[in-house]
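Q: Before I ask anything, let me first share the structure, which is written out below as structure tokens.
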Amino acid sequence: MPMHVEDWRVQPEALGPGTEVGSWRVVEQLGVGGYGAVYRVEDLACPGDFHALKLALRQGDERAEREVQLLMSRAVHPNVVRLHACGRWPHPRTGYLYFVMDWVPGPVLHMWVETVNPSFRLLAEKAGKVALALGALHDKGVLHRDFKPEHVLIREQDGEPVLIDFGVGRYTGADTVTSAVLPPATLHLLSPEAVRFFLKHSQPPGARYEARATDDLHALGVCLYRLVTGHWPFSPELPPDLLYMQLEAVVPSAPSDFHRRVPRALSDVIMRLLAKTPEARFQTGHAVQAALVAAVALGDVADWERTVFDWEDAPGADGETRRRVRRPEEPARSGPPPPRRLVPGPELPAPRLPLRRPRGVPAREQSPRLPGPRRRVSSDAAVLVNSLSSIILGTAQLSGAWRRGWPYVAVVVVALGFVTLGGMVLREGALPSRTEALHAAVPARVAGLPAGSSGREVASPDTGSAAAPPRASLPPAAVAAPATHAEDEAPVKKKTAAAPSTSATKPRTPGPGSMRKALCVGATSAALACAGTPVRADPPSESCPPGAVEAMEQLGIRIGSSRSMIFPGTRREVITVRDGYTEVRVMGPWDKLSSPMRLRGRLIIGEARVYGRMTEAHTPDGARTPVCMELYGTDDKRGLVIRPDSGPDSARVFSVGSVDAVNHFE
């Protein structure tokens with residue numbers, strides 16, 4: 001029997017088959033997002049006529065109202081899903097807003113590529129039509145702002161690409177419905193300029209990023225990269241801070257550099273879409289489509305008629321052999337690395353000597369040390385100055401802080417010159433060898449290890465820790481600084497529990513203050529003292545990740561609510577933790593987040609407490625949700641109390657506490 005629409009106990013995200021919403025009968029659920037649930041419905045007046053109905057998850061949702069306005073009058077295009085009707089349910093005035101669109105049977109764009117394995121010519125044709133649709137929307141002042149492969153369907157009837165889901169779309173003159181710096185977005189699809197704006201304006205309230213057409217086109221380039229290689233240019237598995245750094249400054253390997261089937265002209269179009277400045281990209285979707293047409297017309301026919309991937313045979317779940325596409329290996333895993341591509345900028349000297357191999361890394365992965373006898377003290381001091389200067393300048397180039405931090409670089413270089421003069425009067429052999437001096441001078445943050453670390457690689461207690469290699473070459477000062485994080489499906493058996501945090505530190509672009517601190521660390525290792533620099537300091541306040549507060553609101557998680565937590569693989573015991581990324585387990589469900597739930601974020605060792613800032617929630621169904629939560633100790637105060645038996649580069653804390661939902665990190 002159909003459910004009565006007056007039954008308020010029915011949740012909008014969980015309508016069963018047969019439920020009547022207006023003049024439509026629910027057939028099945030197609031999906032649930034952060035703001036709405038989508039169902040396949042049948043028209044009661046025309047049995048057998050199916051459509052897609054999107055139902056807002058909360059009453060008075062301004063996003064849903066704006067999406068209706070977009071689809072009704074502005075986002076009208078042959079390659080954009082059509083709107084047929086709208087209303088409110090169960091009450092016609094105060095109920096949840098719903099609207100009915102075309103039901104487009106067919107796979108999403110990336111699944112179409114991996115199942116059909118089309119030719120590059122056919123893929124370029126589909127991409128050109130998508131680009132034209134985006135260009136037409138931009139001409140009308142409409143921005144999608146959440147373009148990704150899941151939001152493009154390939155219609156089975158005629159093979160046409162259809163753009164869907166304008167839930168975070170915006171048009172010129174529309175009212176603002178969020179107060180965050182960035183609109184809700186998928187992090188690894190953000191444009192570099194959006195990331196720069198977020199990092200620059202995350203502290204003072206009120207700043208808002210205004211997206212442009214080039215943001216949508218950058219997202220199109222990210223999607224095309226994924227389609228032709230099977231990999232994202234920057235992994236969504238990276239911790240947010242490391243992902244921000246790569247999006248802002250690192251140019252990924254060109255698709256044709258590691259997937260030889262990709263036509264060079266197509267690879268060039270994609271790389272132009274991924275340019276780090278909006279001015280260097282195509283400015284309109286029409287220009288993208290024209291470039292794709294020209295690439296196909298002027299290229300080698302054989303190159304464009306090849307399928308995107310090779311085929312391979314693989315055993316299926318039923319034991320039968322099935323055919324599937326074979327993706328190329330990612331750049332970091334495939335043979336010789338591609339040529340280095342760095343963001344244009346001042347060419348600065350980089351360190352010429354390898355960094356010391358951390359303990360525990362197999363010998364085949366270490367860089368060979370430079371042989372040579374111990375030199376006289378005067379030569380050693382000169383080499384030390386040159387090496388430290390190269391490290392400092394290379395670090396400044398990597399972080400993008402050269403323009404802001406050059407005065408500090410100059411001061412330290414001059415100071416190191418005085419050390420050279422002072423070293424002339426020291427007895428011969430007082431300073432270490434050239435290689436040892438360089439290793440001692442490398443700041444711990446550059447080497448990817450906490451200050452004073454012994455070099456051990458530390459992983460989360462119950463999951464494996466895997467290095468996240470950069471997708472493109474970085475200056476040598478940073479090549480040995482991969483951040484590590486726990487993998488979802490790679491548990492590692494351990495006999496004893498390790499510290500629940502990795503050794504990587506937050507790789508955000510430093511300002512002058514953090515630049516000065518990093519220089520002091522390096523100079524101290526070379527026998528200089530930076531007076532007044534604290535060893536530990538409480539972290540500054542920080543904004544939540546983009547879309548985190550809104551996502552928690554949609555899940556029913558109120559600001560100030562809390563749940564108990566424990567570090568995985570531990571009991572109620574004292575454990576050792578370090579600065580870096582970590583994971584905690586939440587005890588029980590949290591509103592709409594099911595249990596068992598894991599929270600990922602980072603630990604920051606302060607003066608008397610260890611602060612935990614959690615930025616991503618993982619649930620058993622594989623969903624990843626941005627969150628903004630802080631760890632609290634058993635004394636109900638922010639942070640975990642540091643015990644007296646803590647070390648210089650680690651902290652001893654109790655393994656249990658609580659985690660609170662916040663709207664900013666204090």
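Labeling convention for the structure tokens: chains A, B, ... as they appear, residues from 1 per chain, ligands from 1 in order of appearance.
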Excluding same-chain residues fewer than 4 positions from Asp158 (chain A), what lies within 12 Å of it counting only C-alpha atoms, as JSON, numbers by chain?
A: {"A": [79, 104, 105, 106, 126, 153, 154, 162]}
Q: Would you mind listing, for every residue of region 94-177 of chain A within 8 Å of region 317-332 of chain A, the two atoms forming the shortest contact and the distance between them in Å to one decimal, using only C-alpha atoms, sorted by chain and ascending residue number, as a Markdown table?
A:
```
| residue | atom | partner | partner_atom | distance |
| --- | --- | --- | --- | --- |
| A:Glu114 | CA | A:Val325 | CA | 6.3 |
| A:Thr115 | CA | A:Arg324 | CA | 7.4 |
| A:Asn117 | CA | A:Val325 | CA | 7.2 |
```
Q: Pull the alpha helix (DSSP H) assignments for region 97-145 of chain A out of DSSP run on the backbone, and list those residues as a PyMOL selection string.
A: chain A and resi 109-116+120-139
Q: I'd like the interatomic distance between CA of Leu292 (chain A) and CA of Trp311 (chain A), to a tenth of an Å.
A: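 Straight-line distance from CA of Leu292 (chain A) to CA of Trp311 (chain A) works out to 25.2 Å.
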Q: I'd like the neighbourhood of region 266-270 of chain A as a list in words, where a residue qualifies if any of its atoms comes within 7 Å (using only C-alpha atoms), though same-chain residues fewer than 4 positions away should be ignored.
A: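 The filter keeps Gly221, Leu224, Tyr225, Ala254, Pro255, Ser256, Val262, Leu274 and Ala295 of chain A.
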Q: Put those residues in a file: C-alpha atoms, as a PDB file, in the first residue's frame.
A:
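This is the output file selection.pdb:
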```
ATOM      1  CA  GLY A 221      40.553  19.778 -17.052  1.00  0.00           C
ATOM      2  CA  LEU A 224      39.601  14.992 -18.496  1.00  0.00           C
ATOM      3  CA  TYR A 225      42.898  14.114 -16.824  1.00  0.00           C
ATOM      4  CA  ALA A 254      51.296  15.620 -18.424  1.00  0.00           C
ATOM      5  CA  PRO A 255      49.016  12.673 -19.369  1.00  0.00           C
ATOM      6  CA  SER A 256      51.111  11.839 -22.434  1.00  0.00           C
ATOM      7  CA  VAL A 262      47.193   9.816 -25.172  1.00  0.00           C
ATOM      8  CA  LEU A 274      45.117  22.903 -15.443  1.00  0.00           C
ATOM      9  CA  ALA A 295      43.506  18.750 -32.233  1.00  0.00           C
TER      10      ALA A 295
END
```
Q: Could you find all residues in region 570-628 of chain A that DSSP calls strand (DSSP E) from the backbone, and write them as a VMD selection string?
A: chain A and resid 574 to 577 580 to 586 597 to 605 609 to 618 624 to 628
Q: Which one of A:Ala287, A:Ala651, A:Val659, A:Leu247 sits closest to Pro192 (chain A) if you count only C-alpha atoms?
A: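 Answer, going by the shortest atom-to-atom distance: A:Leu247.
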Q: Find, counting only C-alpha atoms, the residue in A:Cys46, A:Val26, A:Leu640, A:Val662 that gets nearest to Met614 (chain A).
A: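 Of A:Cys46, A:Val26, A:Leu640, A:Val662, the one nearest Met614 (chain A) is A:Val662, counting only C-alpha atoms.
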Q: I'd like the interatomic distance between CA of Arg264 (chain A) and CA of His231 (chain A), to a tenth of an Å.
A: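 Rounded to one decimal, the two atoms are 17.5 Å apart.
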Q: Considering only C-alpha atoms, can you say which of A:Val116, A:Ala127, A:Ala211, A:Val293 comes closest to Val181 (chain A)?
A: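 Nearest to Val181 (chain A): A:Ala211.
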Q: Would you pick out the contacts of Glu573 (chain A) at 8 Å or less, using only C-alpha atoms, so that residues sharing its chain but fewer than 2 positions from it are not included, and give the list as number ranges by chain?
A: A: 570-571, 575, 654-656
Q: Find the residues around Ala608 (chain A) up to 9 Å (only C-alpha atoms counted), leave out those fewer than 2 positions away in its own chain, and share them as a VMD selection string.
A: chain A and resid 536 to 538 605 to 606 610 639 to 643
Q: So what do you get for CA of Ala291 (chain A) versus CA of Ala133 (chain A), distance-wise?
A: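 Separation of CA of Ala291 (chain A) and CA of Ala133 (chain A): 15.2 Å.
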